[in-house]
>>> print(open('model34.cif').read())   # mmCIF, N, CA and C atoms
data_my_file
#
loop_
_atom_site.label_atom_id
_atom_site.label_comp_id
_atom_site.auth_asym_id
_atom_site.auth_seq_id
_atom_site.Cartn_x
_atom_site.Cartn_y
_atom_site.Cartn_z
N MET I 1 136.14 159.87 -119.16
CA MET I 1 135.07 159.83 -118.20
C MET I 1 135.26 160.94 -117.18
N VAL I 2 134.18 161.51 -116.75
CA VAL I 2 134.24 162.65 -115.85
C VAL I 2 134.88 162.30 -114.52
N GLY I 3 134.55 161.20 -113.93
CA GLY I 3 135.07 160.83 -112.62
C GLY I 3 136.53 160.40 -112.63
N ASP I 4 137.09 160.08 -113.81
CA ASP I 4 138.47 159.61 -113.89
C ASP I 4 139.49 160.73 -114.01
N ALA I 5 139.06 161.92 -114.34
CA ALA I 5 140.01 163.03 -114.54
C ALA I 5 140.59 163.46 -113.20
N GLN I 6 141.93 163.61 -113.17
CA GLN I 6 142.60 164.07 -111.96
C GLN I 6 142.70 165.59 -111.99
N PRO I 7 142.63 166.23 -110.85
CA PRO I 7 142.86 167.67 -110.82
C PRO I 7 144.27 167.96 -111.34
N PRO I 8 144.49 169.11 -111.98
CA PRO I 8 145.78 169.41 -112.57
C PRO I 8 146.94 169.33 -111.58
N SER I 9 146.71 169.65 -110.31
CA SER I 9 147.80 169.65 -109.34
C SER I 9 148.26 168.25 -108.96
N GLN I 10 147.44 167.24 -109.20
CA GLN I 10 147.78 165.89 -108.77
C GLN I 10 148.94 165.28 -109.55
N GLY I 11 149.01 165.53 -110.84
CA GLY I 11 150.06 164.92 -111.65
C GLY I 11 151.22 165.85 -111.92
N ARG I 12 151.21 167.02 -111.37
CA ARG I 12 152.19 168.05 -111.64
C ARG I 12 153.39 167.94 -110.70
N LEU I 13 154.58 168.07 -111.24
CA LEU I 13 155.79 168.06 -110.42
C LEU I 13 156.11 169.47 -109.95
N ARG I 14 156.54 169.59 -108.69
CA ARG I 14 156.90 170.91 -108.15
C ARG I 14 158.03 171.52 -108.97
N GLY I 15 157.84 172.76 -109.40
CA GLY I 15 158.86 173.48 -110.13
C GLY I 15 158.86 173.27 -111.63
N ALA I 16 158.04 172.34 -112.12
CA ALA I 16 158.01 172.05 -113.56
C ALA I 16 157.58 173.28 -114.36
N SER I 17 156.64 174.05 -113.84
CA SER I 17 156.17 175.24 -114.56
C SER I 17 157.25 176.31 -114.64
N LEU I 18 158.26 176.22 -113.78
CA LEU I 18 159.36 177.18 -113.79
C LEU I 18 160.58 176.64 -114.53
N GLY I 19 160.48 175.42 -115.01
CA GLY I 19 161.62 174.81 -115.70
C GLY I 19 162.68 174.30 -114.75
N LEU I 20 162.29 174.01 -113.51
CA LEU I 20 163.23 173.53 -112.50
C LEU I 20 163.09 172.02 -112.33
N PRO I 21 164.18 171.35 -111.94
CA PRO I 21 164.08 169.91 -111.69
C PRO I 21 163.19 169.66 -110.47
N SER I 22 162.62 168.47 -110.40
CA SER I 22 161.72 168.17 -109.28
C SER I 22 162.48 167.77 -108.02
N THR I 23 163.71 167.29 -108.16
CA THR I 23 164.52 166.91 -107.00
C THR I 23 165.97 167.33 -107.23
N GLY I 24 166.74 167.33 -106.16
CA GLY I 24 168.17 167.60 -106.26
C GLY I 24 168.51 169.08 -106.37
N ARG I 25 169.76 169.34 -106.70
CA ARG I 25 170.25 170.71 -106.81
C ARG I 25 169.44 171.48 -107.86
N GLY I 26 169.02 172.68 -107.51
CA GLY I 26 168.23 173.51 -108.41
C GLY I 26 166.74 173.32 -108.30
N SER I 27 166.31 172.33 -107.51
CA SER I 27 164.87 172.12 -107.30
C SER I 27 164.37 173.11 -106.25
N LEU I 28 163.07 173.32 -106.23
CA LEU I 28 162.49 174.25 -105.26
C LEU I 28 162.76 173.77 -103.84
N ALA I 29 163.09 174.72 -102.98
CA ALA I 29 163.37 174.41 -101.58
C ALA I 29 162.08 174.04 -100.86
N THR I 30 162.21 173.21 -99.86
CA THR I 30 161.04 172.85 -99.05
C THR I 30 160.68 174.01 -98.13
N PHE I 31 159.44 174.02 -97.67
CA PHE I 31 158.99 175.06 -96.76
C PHE I 31 159.81 175.05 -95.48
N SER I 32 160.11 173.87 -94.96
CA SER I 32 160.86 173.78 -93.70
C SER I 32 162.28 174.31 -93.86
N ALA I 33 162.92 174.06 -94.99
CA ALA I 33 164.27 174.58 -95.22
C ALA I 33 164.24 176.11 -95.31
N ARG I 34 163.22 176.65 -95.98
CA ARG I 34 163.11 178.11 -96.10
C ARG I 34 162.86 178.75 -94.73
N VAL I 35 162.03 178.11 -93.91
CA VAL I 35 161.76 178.63 -92.57
C VAL I 35 163.04 178.58 -91.73
N GLY I 36 163.80 177.49 -91.85
CA GLY I 36 165.07 177.38 -91.12
C GLY I 36 166.04 178.49 -91.48
N ALA I 37 166.16 178.78 -92.77
CA ALA I 37 167.05 179.85 -93.22
C ALA I 37 166.56 181.20 -92.70
N TYR I 38 165.25 181.41 -92.74
CA TYR I 38 164.66 182.66 -92.24
C TYR I 38 164.95 182.83 -90.75
N LEU I 39 164.79 181.78 -89.98
CA LEU I 39 165.04 181.86 -88.53
C LEU I 39 166.51 182.15 -88.24
N LEU I 40 167.41 181.51 -88.97
CA LEU I 40 168.84 181.78 -88.79
C LEU I 40 169.16 183.24 -89.10
N ASP I 41 168.62 183.76 -90.19
CA ASP I 41 168.84 185.16 -90.54
C ASP I 41 168.24 186.10 -89.51
N SER I 42 167.07 185.76 -88.98
CA SER I 42 166.42 186.59 -87.97
C SER I 42 167.23 186.65 -86.68
N VAL I 43 167.72 185.51 -86.25
CA VAL I 43 168.54 185.47 -85.02
C VAL I 43 169.82 186.27 -85.22
N ALA I 44 170.46 186.12 -86.38
CA ALA I 44 171.68 186.89 -86.68
C ALA I 44 171.38 188.39 -86.67
N ALA I 45 170.25 188.78 -87.23
CA ALA I 45 169.87 190.20 -87.28
C ALA I 45 169.66 190.76 -85.87
N VAL I 46 169.06 189.98 -85.00
CA VAL I 46 168.84 190.43 -83.61
C VAL I 46 170.18 190.61 -82.91
N PHE I 47 171.09 189.66 -83.09
CA PHE I 47 172.41 189.78 -82.45
C PHE I 47 173.18 190.98 -82.98
N ILE I 48 173.15 191.20 -84.28
CA ILE I 48 173.87 192.34 -84.87
C ILE I 48 173.26 193.65 -84.40
N ALA I 49 171.94 193.75 -84.40
CA ALA I 49 171.29 194.97 -83.91
C ALA I 49 171.59 195.17 -82.43
N GLY I 50 171.65 194.06 -81.69
CA GLY I 50 171.96 194.13 -80.26
C GLY I 50 173.35 194.68 -79.97
N LEU I 51 174.27 194.48 -80.89
CA LEU I 51 175.62 195.05 -80.72
C LEU I 51 175.59 196.57 -80.69
N PHE I 52 174.63 197.16 -81.39
CA PHE I 52 174.53 198.61 -81.48
C PHE I 52 173.61 199.22 -80.43
N THR I 53 172.72 198.42 -79.87
CA THR I 53 171.74 198.97 -78.92
C THR I 53 171.98 198.53 -77.48
N ALA I 54 172.92 197.63 -77.24
CA ALA I 54 173.14 197.08 -75.90
C ALA I 54 173.44 198.20 -74.91
N PRO I 55 172.98 198.07 -73.70
CA PRO I 55 172.32 196.95 -73.05
C PRO I 55 170.83 196.82 -73.35
N PRO I 56 170.10 197.88 -73.80
CA PRO I 56 168.68 197.61 -74.11
C PRO I 56 168.54 196.64 -75.28
N LEU I 57 167.41 195.96 -75.33
CA LEU I 57 167.13 195.04 -76.43
C LEU I 57 166.95 195.83 -77.74
N PRO I 58 167.26 195.22 -78.89
CA PRO I 58 167.24 195.96 -80.16
C PRO I 58 165.85 196.35 -80.66
N GLN I 59 164.81 195.68 -80.22
CA GLN I 59 163.43 195.95 -80.65
C GLN I 59 163.34 196.04 -82.17
N ALA I 60 162.80 197.14 -82.71
CA ALA I 60 162.58 197.26 -84.16
C ALA I 60 163.88 197.42 -84.94
N TRP I 61 164.97 197.73 -84.27
CA TRP I 61 166.25 197.86 -84.98
C TRP I 61 166.66 196.54 -85.62
N SER I 62 166.18 195.44 -85.06
CA SER I 62 166.51 194.15 -85.65
C SER I 62 165.88 193.99 -87.04
N LEU I 63 164.73 194.65 -87.29
CA LEU I 63 164.13 194.62 -88.62
C LEU I 63 165.01 195.34 -89.64
N LEU I 64 165.57 196.48 -89.23
CA LEU I 64 166.49 197.20 -90.12
C LEU I 64 167.73 196.37 -90.39
N SER I 65 168.25 195.75 -89.35
CA SER I 65 169.42 194.87 -89.50
C SER I 65 169.10 193.71 -90.44
N PHE I 66 167.93 193.09 -90.27
CA PHE I 66 167.50 191.99 -91.13
C PHE I 66 167.41 192.45 -92.59
N ALA I 67 166.81 193.62 -92.80
CA ALA I 67 166.64 194.14 -94.16
C ALA I 67 167.99 194.40 -94.82
N ILE I 68 168.90 195.01 -94.11
CA ILE I 68 170.22 195.31 -94.68
C ILE I 68 170.97 194.03 -95.00
N ILE I 69 171.01 193.11 -94.06
CA ILE I 69 171.71 191.84 -94.29
C ILE I 69 171.11 191.11 -95.49
N THR I 70 169.80 191.05 -95.56
CA THR I 70 169.13 190.30 -96.62
C THR I 70 169.35 190.93 -97.99
N VAL I 71 169.12 192.22 -98.12
CA VAL I 71 169.26 192.89 -99.42
C VAL I 71 170.71 192.82 -99.90
N VAL I 72 171.65 193.16 -99.05
CA VAL I 72 173.06 193.18 -99.46
C VAL I 72 173.55 191.80 -99.87
N THR I 73 173.26 190.79 -99.06
CA THR I 73 173.77 189.45 -99.38
C THR I 73 173.07 188.82 -100.57
N LEU I 74 171.77 189.12 -100.75
CA LEU I 74 171.08 188.58 -101.93
C LEU I 74 171.63 189.19 -103.21
N VAL I 75 171.88 190.50 -103.21
CA VAL I 75 172.40 191.16 -104.40
C VAL I 75 173.84 190.72 -104.69
N LEU I 76 174.66 190.63 -103.65
CA LEU I 76 176.07 190.28 -103.86
C LEU I 76 176.32 188.80 -104.09
N PHE I 77 175.63 187.95 -103.33
CA PHE I 77 175.94 186.52 -103.35
C PHE I 77 174.79 185.62 -103.80
N GLY I 78 173.58 186.16 -103.90
CA GLY I 78 172.43 185.35 -104.31
C GLY I 78 171.88 184.48 -103.19
N GLN I 79 172.35 184.69 -101.98
CA GLN I 79 171.85 183.94 -100.82
C GLN I 79 172.19 184.69 -99.55
N THR I 80 171.34 184.53 -98.55
CA THR I 80 171.58 185.13 -97.25
C THR I 80 172.47 184.17 -96.45
N PRO I 81 173.03 184.62 -95.33
CA PRO I 81 173.82 183.70 -94.51
C PRO I 81 173.02 182.47 -94.07
N GLY I 82 171.75 182.66 -93.72
CA GLY I 82 170.91 181.53 -93.33
C GLY I 82 170.69 180.57 -94.49
N MET I 83 170.48 181.10 -95.67
CA MET I 83 170.33 180.24 -96.86
C MET I 83 171.61 179.46 -97.11
N ARG I 84 172.73 180.11 -96.93
CA ARG I 84 174.03 179.45 -97.15
C ARG I 84 174.19 178.26 -96.20
N LEU I 85 173.85 178.48 -94.93
CA LEU I 85 173.99 177.40 -93.94
C LEU I 85 173.04 176.23 -94.21
N VAL I 86 171.85 176.53 -94.71
CA VAL I 86 170.86 175.50 -94.97
C VAL I 86 171.04 174.85 -96.34
N GLY I 87 171.80 175.51 -97.22
CA GLY I 87 172.05 174.96 -98.55
C GLY I 87 171.03 175.41 -99.59
N LEU I 88 170.63 176.68 -99.51
CA LEU I 88 169.66 177.24 -100.45
C LEU I 88 170.27 178.45 -101.15
N ARG I 89 169.65 178.84 -102.25
CA ARG I 89 170.02 180.08 -102.93
C ARG I 89 168.78 180.63 -103.61
N LEU I 90 168.87 181.89 -104.01
CA LEU I 90 167.75 182.53 -104.69
C LEU I 90 168.00 182.50 -106.19
N ALA I 91 167.03 182.00 -106.93
CA ALA I 91 167.12 181.97 -108.39
C ALA I 91 166.08 182.93 -108.94
N HIS I 92 166.39 183.53 -110.09
CA HIS I 92 165.39 184.37 -110.73
C HIS I 92 165.39 184.11 -112.23
N ALA I 93 164.47 184.77 -112.90
CA ALA I 93 164.18 184.45 -114.31
C ALA I 93 165.40 184.49 -115.23
N ARG I 94 166.31 185.39 -115.00
CA ARG I 94 167.49 185.52 -115.87
C ARG I 94 168.67 184.81 -115.22
N GLU I 95 168.84 183.55 -115.57
CA GLU I 95 169.91 182.72 -115.01
C GLU I 95 171.28 183.34 -115.32
N GLY I 96 172.16 183.36 -114.33
CA GLY I 96 173.51 183.86 -114.53
C GLY I 96 173.67 185.35 -114.27
N GLN I 97 172.58 186.06 -114.05
CA GLN I 97 172.67 187.49 -113.76
C GLN I 97 172.43 187.73 -112.28
N ARG I 98 173.00 188.82 -111.78
CA ARG I 98 172.77 189.20 -110.39
C ARG I 98 171.34 189.68 -110.19
N LEU I 99 170.86 189.48 -109.01
CA LEU I 99 169.53 189.94 -108.64
C LEU I 99 169.52 191.46 -108.62
N ALA I 100 168.55 192.07 -109.26
CA ALA I 100 168.42 193.52 -109.26
C ALA I 100 168.12 194.01 -107.85
N VAL I 101 168.66 195.17 -107.50
CA VAL I 101 168.47 195.71 -106.15
C VAL I 101 166.99 195.90 -105.85
N TRP I 102 166.20 196.38 -106.83
CA TRP I 102 164.79 196.61 -106.56
C TRP I 102 164.08 195.31 -106.21
N ARG I 103 164.45 194.21 -106.87
CA ARG I 103 163.83 192.92 -106.57
C ARG I 103 164.16 192.49 -105.13
N ALA I 104 165.41 192.69 -104.75
CA ALA I 104 165.84 192.32 -103.39
C ALA I 104 165.12 193.17 -102.34
N VAL I 105 164.96 194.46 -102.62
CA VAL I 105 164.29 195.36 -101.67
C VAL I 105 162.81 195.00 -101.54
N VAL I 106 162.12 194.81 -102.66
CA VAL I 106 160.70 194.46 -102.62
C VAL I 106 160.49 193.11 -101.94
N ARG I 107 161.31 192.14 -102.31
CA ARG I 107 161.19 190.79 -101.73
C ARG I 107 161.41 190.84 -100.22
N THR I 108 162.41 191.58 -99.78
CA THR I 108 162.72 191.68 -98.36
C THR I 108 161.62 192.41 -97.60
N ALA I 109 161.09 193.49 -98.17
CA ALA I 109 160.01 194.23 -97.52
C ALA I 109 158.80 193.33 -97.32
N LEU I 110 158.47 192.55 -98.33
CA LEU I 110 157.34 191.63 -98.20
C LEU I 110 157.64 190.51 -97.22
N LEU I 111 158.89 190.06 -97.18
CA LEU I 111 159.28 189.00 -96.25
C LEU I 111 159.19 189.49 -94.80
N ILE I 112 159.53 190.76 -94.57
CA ILE I 112 159.43 191.32 -93.22
C ILE I 112 157.97 191.34 -92.76
N LEU I 113 157.05 191.55 -93.70
CA LEU I 113 155.62 191.51 -93.34
C LEU I 113 155.17 190.10 -92.98
N LEU I 114 155.92 189.09 -93.38
CA LEU I 114 155.73 187.67 -93.10
C LEU I 114 154.52 187.04 -93.78
N VAL I 115 153.37 187.71 -93.81
CA VAL I 115 152.17 187.12 -94.40
C VAL I 115 152.38 186.74 -95.87
N PRO I 116 152.97 187.62 -96.72
CA PRO I 116 153.18 187.21 -98.12
C PRO I 116 154.02 185.93 -98.26
N ALA I 117 154.92 185.70 -97.34
CA ALA I 117 155.74 184.49 -97.39
C ALA I 117 154.93 183.24 -97.06
N LEU I 118 153.86 183.42 -96.33
CA LEU I 118 153.02 182.28 -95.95
C LEU I 118 151.94 181.96 -96.98
N ILE I 119 151.69 182.87 -97.90
CA ILE I 119 150.73 182.64 -98.99
C ILE I 119 151.52 182.03 -100.14
N VAL I 120 151.33 180.73 -100.35
CA VAL I 120 152.13 180.01 -101.33
C VAL I 120 151.29 179.49 -102.48
N ASP I 121 151.95 179.31 -103.64
CA ASP I 121 151.26 178.77 -104.81
C ASP I 121 151.42 177.26 -104.85
N ALA I 122 151.02 176.65 -105.94
CA ALA I 122 151.08 175.19 -106.07
C ALA I 122 152.51 174.67 -106.01
N ASP I 123 153.48 175.49 -106.38
CA ASP I 123 154.88 175.09 -106.33
C ASP I 123 155.49 175.32 -104.95
N GLY I 124 154.78 176.00 -104.07
CA GLY I 124 155.30 176.29 -102.75
C GLY I 124 156.06 177.61 -102.69
N ARG I 125 156.00 178.41 -103.75
CA ARG I 125 156.65 179.72 -103.74
C ARG I 125 155.76 180.72 -103.03
N GLY I 126 156.37 181.54 -102.18
CA GLY I 126 155.63 182.56 -101.48
C GLY I 126 155.25 183.71 -102.40
N LEU I 127 154.28 184.50 -101.96
CA LEU I 127 153.84 185.65 -102.74
C LEU I 127 154.99 186.62 -103.00
N HIS I 128 155.89 186.77 -102.03
CA HIS I 128 157.04 187.67 -102.22
C HIS I 128 157.95 187.19 -103.35
N ASP I 129 158.05 185.87 -103.55
CA ASP I 129 158.84 185.33 -104.65
C ASP I 129 158.10 185.47 -105.98
N ARG I 130 156.80 185.26 -105.97
CA ARG I 130 156.02 185.39 -107.21
C ARG I 130 156.06 186.83 -107.72
N LEU I 131 155.91 187.80 -106.83
CA LEU I 131 155.90 189.20 -107.24
C LEU I 131 157.25 189.68 -107.77
N THR I 132 158.33 189.08 -107.32
CA THR I 132 159.67 189.49 -107.78
C THR I 132 160.26 188.52 -108.79
N ASP I 133 159.47 187.54 -109.22
CA ASP I 133 159.89 186.54 -110.20
C ASP I 133 161.16 185.81 -109.77
N THR I 134 161.14 185.37 -108.52
CA THR I 134 162.27 184.62 -107.96
C THR I 134 161.77 183.31 -107.37
N ALA I 135 162.71 182.45 -107.00
CA ALA I 135 162.37 181.19 -106.35
C ALA I 135 163.56 180.78 -105.48
N VAL I 136 163.27 180.25 -104.32
CA VAL I 136 164.33 179.72 -103.45
C VAL I 136 164.54 178.26 -103.85
N VAL I 137 165.76 177.94 -104.23
CA VAL I 137 166.07 176.59 -104.70
C VAL I 137 167.19 175.97 -103.87
N ARG I 138 167.29 174.66 -103.96
CA ARG I 138 168.35 173.93 -103.26
C ARG I 138 169.69 174.19 -103.97
N ASP I 139 170.72 174.42 -103.19
CA ASP I 139 172.04 174.71 -103.75
C ASP I 139 172.97 173.50 -103.69
N ARG I 140 172.54 172.50 -102.94
CA ARG I 140 173.36 171.27 -102.85
C ARG I 140 172.48 170.06 -102.76
#
>>> encode(input="model34.cif", output="C-alpha cells")
Amino acid sequence: MVGDAQPPSQGRLRGASLGLPSTGRGSLATFSARVGAYLLDSVAAVFIAGLFTAPPLPQAWSLLSFAIITVVTLVLFGQTPGMRLVGLRLAHAREGQRLAVWRAVVRTALLILLVPALIVDADGRGLHDRLTDTAVVRDR
C-alpha cells in the first residue's frame, strides 16, 4: 500500500552503507563528538601559533598551525590530538593502510572552510569526508 511505505532513511542504520557497525567501536562518530574534537584541535592550534607570535595574537597563523597539526597527525596516527582525547579516529576505504597525504590535505582544507563539515549526508558524514572517502569513527 502506498501510505504504508517508509522513506528509505527511516529503517536504515547509520553507517550500514559503509559497512560499519551501528554502535560501539568502529561506528560513525556523533556530530557532538566530532565538534568536540574539532574545538580541542582549534584551541591547541591557537596556543601553538601564539607561542610563535606572542605578544600579539596569532590571528590567521592559527589556521596554518591547525592545518599542519591536522595533516601530520592524521597521516602518522590516523587521528588528531582532539580526536584522541574524545576517542575518535579517521577511517578510510582501505582498512589497515595509512591515510594518503593528499586525502589529509584536501580534507583539512575543506575542514578549515567549515561549511563542508556542516553539510552532512544521511550517515552524518561531512562533505569533506565524502570527498576524501573517509569517515570519523569511534575508537573506544
>>> resolve_selection(input="model34.cif", expression="the PyMOL selection byres ((chain I and resi 130-136) around 8)", output="count of residues only")
27
>>> select_by_dssp(input="model34.cif", residues="stretch 25-105 of chain I", states="strand (DSSP E or B)", output="list in words")
Leu28, Leu88, Arg89, Leu90, Ala91 and His92 of chain I
>>> residues_around(input="model34.cif", residues="I:Ala16", least_positions_apart="4", cutoff="10 Å", atoms="only C-alpha atoms", output="mmCIF file with N, CA and C atoms, in the frame of the given file")
data_model
loop_
_atom_site.group_PDB
_atom_site.id
_atom_site.type_symbol
_atom_site.label_atom_id
_atom_site.label_comp_id
_atom_site.auth_asym_id
_atom_site.auth_seq_id
_atom_site.Cartn_x
_atom_site.Cartn_y
_atom_site.Cartn_z
ATOM 1 N N ARG I 12 151.210 167.020 -111.370
ATOM 2 C CA ARG I 12 152.190 168.050 -111.640
ATOM 3 C C ARG I 12 153.390 167.940 -110.700
ATOM 4 N N LEU I 20 162.290 174.010 -113.510
ATOM 5 C CA LEU I 20 163.230 173.530 -112.500
ATOM 6 C C LEU I 20 163.090 172.020 -112.330
ATOM 7 N N PRO I 21 164.180 171.350 -111.940
ATOM 8 C CA PRO I 21 164.080 169.910 -111.690
ATOM 9 C C PRO I 21 163.190 169.660 -110.470
ATOM 10 N N SER I 22 162.620 168.470 -110.400
ATOM 11 C CA SER I 22 161.720 168.170 -109.280
ATOM 12 C C SER I 22 162.480 167.770 -108.020
ATOM 13 N N SER I 27 166.310 172.330 -107.510
ATOM 14 C CA SER I 27 164.870 172.120 -107.300
ATOM 15 C C SER I 27 164.370 173.110 -106.250
ATOM 16 N N LEU I 28 163.070 173.320 -106.230
ATOM 17 C CA LEU I 28 162.490 174.250 -105.260
ATOM 18 C C LEU I 28 162.760 173.770 -103.840
ATOM 19 N N ASP I 123 153.480 175.490 -106.380
ATOM 20 C CA ASP I 123 154.880 175.090 -106.330
ATOM 21 C C ASP I 123 155.490 175.320 -104.950
#
>>> atom_distance(input="model34.cif", atom1="atom N of I:Val75", atom2="atom CA of I:Ala54")
28.1 Å
>>> resolve_selection(input="model34.cif", expression="the PyMOL selection byres ((chain I and resi 45) around 7)", output="PDB file with N, CA and C atoms, keeping the file's coordinate frame")
ATOM      1  N   LEU I  40     167.410 181.510 -88.970  1.00  0.00           N
ATOM      2  CA  LEU I  40     168.840 181.780 -88.790  1.00  0.00           C
ATOM      3  C   LEU I  40     169.160 183.240 -89.100  1.00  0.00           C
ATOM      4  N   ASP I  41     168.620 183.760 -90.190  1.00  0.00           N
ATOM      5  CA  ASP I  41     168.840 185.160 -90.540  1.00  0.00           C
ATOM      6  C   ASP I  41     168.240 186.100 -89.510  1.00  0.00           C
ATOM      7  N   SER I  42     167.070 185.760 -88.980  1.00  0.00           N
ATOM      8  CA  SER I  42     166.420 186.590 -87.970  1.00  0.00           C
ATOM      9  C   SER I  42     167.230 186.650 -86.680  1.00  0.00           C
ATOM     10  N   VAL I  43     167.720 185.510 -86.250  1.00  0.00           N
ATOM     11  CA  VAL I  43     168.540 185.470 -85.020  1.00  0.00           C
ATOM     12  C   VAL I  43     169.820 186.270 -85.220  1.00  0.00           C
ATOM     13  N   ALA I  44     170.460 186.120 -86.380  1.00  0.00           N
ATOM     14  CA  ALA I  44     171.680 186.890 -86.680  1.00  0.00           C
ATOM     15  C   ALA I  44     171.380 188.390 -86.670  1.00  0.00           C
ATOM     16  N   VAL I  46     169.060 189.980 -85.000  1.00  0.00           N
ATOM     17  CA  VAL I  46     168.840 190.430 -83.610  1.00  0.00           C
ATOM     18  C   VAL I  46     170.180 190.610 -82.910  1.00  0.00           C
ATOM     19  N   PHE I  47     171.090 189.660 -83.090  1.00  0.00           N
ATOM     20  CA  PHE I  47     172.410 189.780 -82.450  1.00  0.00           C
ATOM     21  C   PHE I  47     173.180 190.980 -82.980  1.00  0.00           C
ATOM     22  N   ILE I  48     173.150 191.200 -84.280  1.00  0.00           N
ATOM     23  CA  ILE I  48     173.870 192.340 -84.870  1.00  0.00           C
ATOM     24  C   ILE I  48     173.260 193.650 -84.400  1.00  0.00           C
ATOM     25  N   ALA I  49     171.940 193.750 -84.400  1.00  0.00           N
ATOM     26  CA  ALA I  49     171.290 194.970 -83.910  1.00  0.00           C
ATOM     27  C   ALA I  49     171.590 195.170 -82.430  1.00  0.00           C
ATOM     28  N   GLY I  50     171.650 194.060 -81.690  1.00  0.00           N
ATOM     29  CA  GLY I  50     171.960 194.130 -80.260  1.00  0.00           C
ATOM     30  C   GLY I  50     173.350 194.680 -79.970  1.00  0.00           C
ATOM     31  N   TRP I  61     164.970 197.730 -84.270  1.00  0.00           N
ATOM     32  CA  TRP I  61     166.250 197.860 -84.980  1.00  0.00           C
ATOM     33  C   TRP I  61     166.660 196.540 -85.620  1.00  0.00           C
ATOM     34  N   SER I  62     166.180 195.440 -85.060  1.00  0.00           N
ATOM     35  CA  SER I  62     166.510 194.150 -85.650  1.00  0.00           C
ATOM     36  C   SER I  62     165.880 193.990 -87.040  1.00  0.00           C
ATOM     37  N   LEU I  63     164.730 194.650 -87.290  1.00  0.00           N
ATOM     38  CA  LEU I  63     164.130 194.620 -88.620  1.00  0.00           C
ATOM     39  C   LEU I  63     165.010 195.340 -89.640  1.00  0.00           C
ATOM     40  N   SER I  65     168.250 195.750 -89.350  1.00  0.00           N
ATOM     41  CA  SER I  65     169.420 194.870 -89.500  1.00  0.00           C
ATOM     42  C   SER I  65     169.100 193.710 -90.440  1.00  0.00           C
ATOM     43  N   PHE I  66     167.930 193.090 -90.270  1.00  0.00           N
ATOM     44  CA  PHE I  66     167.500 191.990 -91.130  1.00  0.00           C
ATOM     45  C   PHE I  66     167.410 192.450 -92.590  1.00  0.00           C
TER      46      PHE I  66
END
>>> axis_aligned_box(input="model34.cif", around="stretch 13-26 of chain I", padding_each_side="6 Å", output="JSON")
{"center_x": 162.4, "center_y": 172.0, "center_z": -110.9, "size_x": 27.7, "size_y": 22.3, "size_z": 21.5}
>>> atom_distance(input="model34.cif", atom1="atom N of I:Ile69", atom2="atom C of I:Pro55")
21.0 Å
>>> residues_around(input="model34.cif", residues="I:Thr73", least_positions_apart="4", cutoff="12 Å", atoms="only C-alpha atoms", output="list in words")
Asp41, Phe66, Ala67, Ile68, Ile69, Phe77, Gly78, Gln79, Thr80, Pro81, Gly82, Met83, Arg84, Arg89, Leu90, Arg98, Leu99, Ala100, Val101, Ala104, Val105 and Thr108 of chain I
>>> decode(input="model34.cif", residues="stretch 77-110 of chain I", atoms="C-alpha atoms", output="PDB file, in the first residue's frame")
ATOM      1  CA  PHE I  77      48.478   8.297  13.574  1.00  0.00           C
ATOM      2  CA  GLY I  78      45.050   8.322  11.893  1.00  0.00           C
ATOM      3  CA  GLN I  79      43.712  10.795  14.456  1.00  0.00           C
ATOM      4  CA  THR I  80      44.305  14.340  15.616  1.00  0.00           C
ATOM      5  CA  PRO I  81      45.082  15.128  19.264  1.00  0.00           C
ATOM      6  CA  GLY I  82      41.471  16.258  19.741  1.00  0.00           C
ATOM      7  CA  MET I  83      40.175  13.027  18.222  1.00  0.00           C
ATOM      8  CA  ARG I  84      42.460  11.054  20.513  1.00  0.00           C
ATOM      9  CA  LEU I  85      41.116  12.818  23.608  1.00  0.00           C
ATOM     10  CA  VAL I  86      37.491  12.336  22.548  1.00  0.00           C
ATOM     11  CA  GLY I  87      38.023   8.713  21.467  1.00  0.00           C
ATOM     12  CA  LEU I  88      37.690   9.040  17.692  1.00  0.00           C
ATOM     13  CA  ARG I  89      39.796   8.091  14.689  1.00  0.00           C
ATOM     14  CA  LEU I  90      39.664   8.557  10.939  1.00  0.00           C
ATOM     15  CA  ALA I  91      38.794   5.523   8.844  1.00  0.00           C
ATOM     16  CA  HIS I  92      39.035   5.279   5.085  1.00  0.00           C
ATOM     17  CA  ALA I  93      38.145   2.837   2.347  1.00  0.00           C
ATOM     18  CA  ARG I  94      41.341   0.777   2.543  1.00  0.00           C
ATOM     19  CA  GLU I  95      41.368  -0.635   6.070  1.00  0.00           C
ATOM     20  CA  GLY I  96      44.836  -1.105   7.549  1.00  0.00           C
ATOM     21  CA  GLN I  97      46.567   1.408   5.274  1.00  0.00           C
ATOM     22  CA  ARG I  98      47.778   4.864   6.184  1.00  0.00           C
ATOM     23  CA  LEU I  99      45.812   7.837   5.003  1.00  0.00           C
ATOM     24  CA  ALA I 100      47.307   9.290   1.818  1.00  0.00           C
ATOM     25  CA  VAL I 101      48.788  12.761   2.261  1.00  0.00           C
ATOM     26  CA  TRP I 102      46.575  14.207  -0.496  1.00  0.00           C
ATOM     27  CA  ARG I 103      43.442  12.971   1.296  1.00  0.00           C
ATOM     28  CA  ALA I 104      44.592  14.560   4.556  1.00  0.00           C
ATOM     29  CA  VAL I 105      45.411  17.864   2.819  1.00  0.00           C
ATOM     30  CA  VAL I 106      42.096  18.056   0.924  1.00  0.00           C
ATOM     31  CA  ARG I 107      40.088  17.010   3.984  1.00  0.00           C
ATOM     32  CA  THR I 108      41.844  19.584   6.177  1.00  0.00           C
ATOM     33  CA  ALA I 109      41.456  22.392   3.623  1.00  0.00           C
ATOM     34  CA  LEU I 110      37.733  21.722   3.432  1.00  0.00           C
TER      35      LEU I 110
END
